[in-house]
There are 2 protein chains.
Amino acid sequence: MLRISQRGVDMPASPIRKLVPYAEAAKRRGMTVYHLNIGQPDIETPPAIMQAVRDVQMPVLEYSHSAGNESYRRKLVQYYQRIGIQVTHEQIMVTTGGSEAILFAFFSCLNPGDEVIVPEPFYANYNGFACTAGVKVVPIPSSIDTGFALPPVPEFERVISDRTRAILICNPNNPTGYLYSRQEVEALGVICRKYQLYLFSDEAYREFRYADTEYISALQLEGLDENVVLLDTISKRYSACGARIGALVTRNAAIYSTALKFAQARLSPPGLAQIMGEAAVDLPEDYFDGTKEEYERRRDLLVRRLNAMEGVFCPNPGGAFYAMARLPIDDCDRFCQWLLESFSYKNQTLMLAPATGFYATPGLGINEVRLAYVLNTDAINAAMDCLEQALKEYPGKY
Amino acid sequence: MLRISQRGVDMPASPIRKLVPYAEAAKRRGMTVYHLNIGQPDIETPPAIMQAVRDVQMPVLEYSHSAGNESYRRKLVQYYQRIGIQVTHEQIMVTTGGSEAILFAFFSCLNPGDEVIVPEPFYANYNGFACTAGVKVVPIPSSIDTGFALPPVPEFERVISDRTRAILICNPNNPTGYLYSRQEVEALGVICRKYQLYLFSDEAYREFRYADTEYISALQLEGLDENVVLLDTISKRYSACGARIGALVTRNAAIYSTALKFAQARLSPPGLAQIMGEAAVDLPEDYFDGTKEEYERRRDLLVRRLNAMEGVFCPNPGGAFYAMARLPIDDCDRFCQWLLESFSYKNQTLMLAPATGFYATPGLGINEVRLAYVLNTDAINAAMDCLEQALKEYPGKY
């Protein structure tokens, strides 16, 4: 009999996309929908890196090296050096987005049935990559009451089993916007050394930090060269999500040569977009200043507006472009659907990401939502006006 | 302890790339190396599709739809219609190269331990994708003596077990250049219907056919809508290997919606390259004529030169841009390395792909090589001069 694979059945659908039909229906009714639900930046892709692609003179668009063009990898060495990470171009593998870097790390380091510990809430697609690789995600809860700080070390030790092989973090964090401190990252390093675990560090939002917290990349930890795999991407950094260019960076030569076998099977990462990535390293040093200021302005507005609403609590995120808020509601999935299906304020509504999609433990996050501040301040204000009104009208109050 | 995954250990290294260091050393010695070893076409990427990328006006390079831009998928409907395949844009999923289409098909249809039957010799990376998905490749040999025709149906039935879930073919074939006839593809259809197997059909080389054989795509088989998954790519068709744009096409809605979950986890296929793919569908109808004539001229030359050498047999391939030849040698891996390491003719040598990398059954293909005719006729002549001389000098004659 023709059957879908069990892995295919188990594969989670995107928790955000299930609301898309409701948003589309609202738009068909002529409503304005403010999208605070997605991590797609609205910031312009730097014209200089788009121009780099236009300037390409290449009679044949050939396969690149499976690890990415050497010229790009050598440029990335400079990029990492500038931010205090010392690596060689043979420790950098260019991947098809950060997504493929995560998959390659899982495939290379974890066997089916192995466990990876992830502080929750976490980026929902980690579930999909774990399912693809047959790996089990073991969540340990962080709490909105502490602003989603790293759970204390004993919480990690409590769930470490003989199948535990890795800890996966996202820093700055999606979905919480939490920025792990040096002390927190070092604490993870101590656990990983003690229990001989891999430390997978997703640092897609590295450039977007607004707190005084001292930041440290996992690759800056001492004595963990064999443990750390950095998962990176240009998607958010340069507002180039559609490029699909990421990187896996590790000083562990065995991981690198293993990941390279997976990379060789799929031949090469996208060619034109590598040229964008290479040009991006040459952007002026102050390129991020404007973007960061803009995100910070939006964050300040969003957090202030949220906390001014009755019964709403939103810890101040230190990085990325996300905030998590606790709302006085019974069920975030119901609420987010209701916003699109049944609510209207001046013919407008907003789309939020229900937080349940970011938790693995059932019941957690039931009254939380994630808000991405990828809209300008006018739109954020308008969306907050809608939310304020919606919380007054929503029938399923907590 | 920090260990590489078993899957990572099992993952095969590219059988061709292991010779690369020898080719590089030869070039450092000042030698000319004719590369007949790789499937990277030398044909110019159509300037019109490169221009389409230059003309892009896109302030933000956003994620595309996870299944690919709808505009591109609608264009592909026209492309498939022109070649006699009726599908809708909701049966087409744009993938990151044909590689990802194969992976999505494996992930969606096969469980770890399931078996997929593949006529050998076959594209070596199928092994890598099978390893990634935990799937077992069950080879059934085709023979150079029949020009690599499809093995007879009883050969398939002999290896069908209760773990068999699919048959995978490549048509026209890489590495053999064999073009399956309508009768052969229909025979596969009968087996797949009888035993309820998926038929994965890799048709990356569809446009390059030089024989009178009546060609049929697996998607043109009657009554197999639930069984067939077409695996496609623009890499070879438009000499755009670096674009990394492929497609998974199926009328089986359950496979499609399952593959879409894997596609959503990795967010989207490359953005700029989808624009190339879309523009390619609008190339003039006669675009392929010139390319085909060029490949045919090369094939004729290559096959003629090979068969004129003593002890060499090369069946005339009906498609793609590969030929397989039996040489009077003891061991193709040794011979190919010797060509690069120890042989020189007028300061030139050639690089071939040892056929052993395309066979799963140990011992098969030991005296065969694959030759890709991705060089102009002058270079092919020069390479054949080298080969002729090499066969006289090689110490490990059969």
# chains A, B, ... in the order shown; residues from 1 in each chain; ligands from 1
call {"tool": "interface_residues", "arguments": {"of": "chain A", "to": "chain B", "cutoff": "6 Å", "atoms": "only C-alpha atoms", "output": "MDAnalysis selection string"}}
result
chainID A and resid 1:2 4:5 8 13 44:45 54 59:63 99 108:111 125 128 196 240:244 258 261 265:266 270:271
call {"tool": "residues_around", "arguments": {"residues": "stretch 370-377 of chain A", "least_positions_apart": "3", "cutoff": "7 Å", "atoms": "only C-alpha atoms", "output": "ChimeraX atom specification"}}
result
/A:36-42,175,298-299,321-325,352-355,380-381
call {"tool": "atom_distance", "arguments": {"atom1": "atom CA of A:Ala253", "atom2": "atom CA of B:Ala25"}}
result
23.3 Å
call {"tool": "closest_residue", "arguments": {"among": "A:Glu184, A:Glu393, A:Asp202, A:Asp162", "to": "A:Leu150", "atoms": "only C-alpha atoms"}}
result
A:Glu184
call {"tool": "select_by_dssp", "arguments": {"residues": "stretch 162-334 of chain A", "states": "alpha helix (DSSP H)", "output": "JSON, numbers by chain"}}
result
{"A": [182, 183, 184, 185, 186, 187, 188, 189, 190, 191, 192, 193, 194, 195, 253, 254, 255, 256, 257, 258, 259, 260, 261, 262, 263, 264, 265, 271, 272, 273, 274, 275, 276, 277, 278, 279, 280, 287, 288, 289, 290, 291, 292, 293, 294, 295, 296, 297, 298, 299, 300, 301, 302, 303, 304, 305, 306, 307, 332, 333, 334]}
call {"tool": "residues_around", "arguments": {"residues": "B:Tyr79", "least_positions_apart": "5", "cutoff": "12 Å", "atoms": "only C-alpha atoms", "output": "ChimeraX atom specification"}}
result
/B:72-74,84-89,92,207,234,277-285
call {"tool": "closest_atom_pairs", "arguments": {"of": "stretch 113-148 of chain B", "to": "stretch 302-314 of chain B", "cutoff": "9 Å", "atoms": "only C-alpha atoms", "output": "JSON lines"}}
result
{"residue": "B:Ile144", "atom": "CA", "partner": "B:Cys314", "partner_atom": "CA", "distance": 8.0}
{"residue": "B:Asp145", "atom": "CA", "partner": "B:Phe313", "partner_atom": "CA", "distance": 8.9}
{"residue": "B:Gly147", "atom": "CA", "partner": "B:Cys314", "partner_atom": "CA", "distance": 8.3}
call {"tool": "select_by_dssp", "arguments": {"residues": "stretch 194-247 of chain A", "states": "strand (DSSP E or B)", "output": "MDAnalysis selection string"}}
result
chainID A and resid 198:202 209 228:233 246:247
call {"tool": "atom_distance", "arguments": {"atom1": "atom CA of B:Ile83", "atom2": "atom CA of B:Ser201"}}
result
15.6 Å
call {"tool": "atom_distance", "arguments": {"atom1": "atom CA of A:Asp385", "atom2": "atom CA of A:Ile16"}}
result
22.4 Å
call {"tool": "closest_residue", "arguments": {"among": "A:Leu350, A:Leu364, A:Met93, A:Ala130", "to": "A:Leu19", "atoms": "only C-alpha atoms"}}
result
A:Leu350
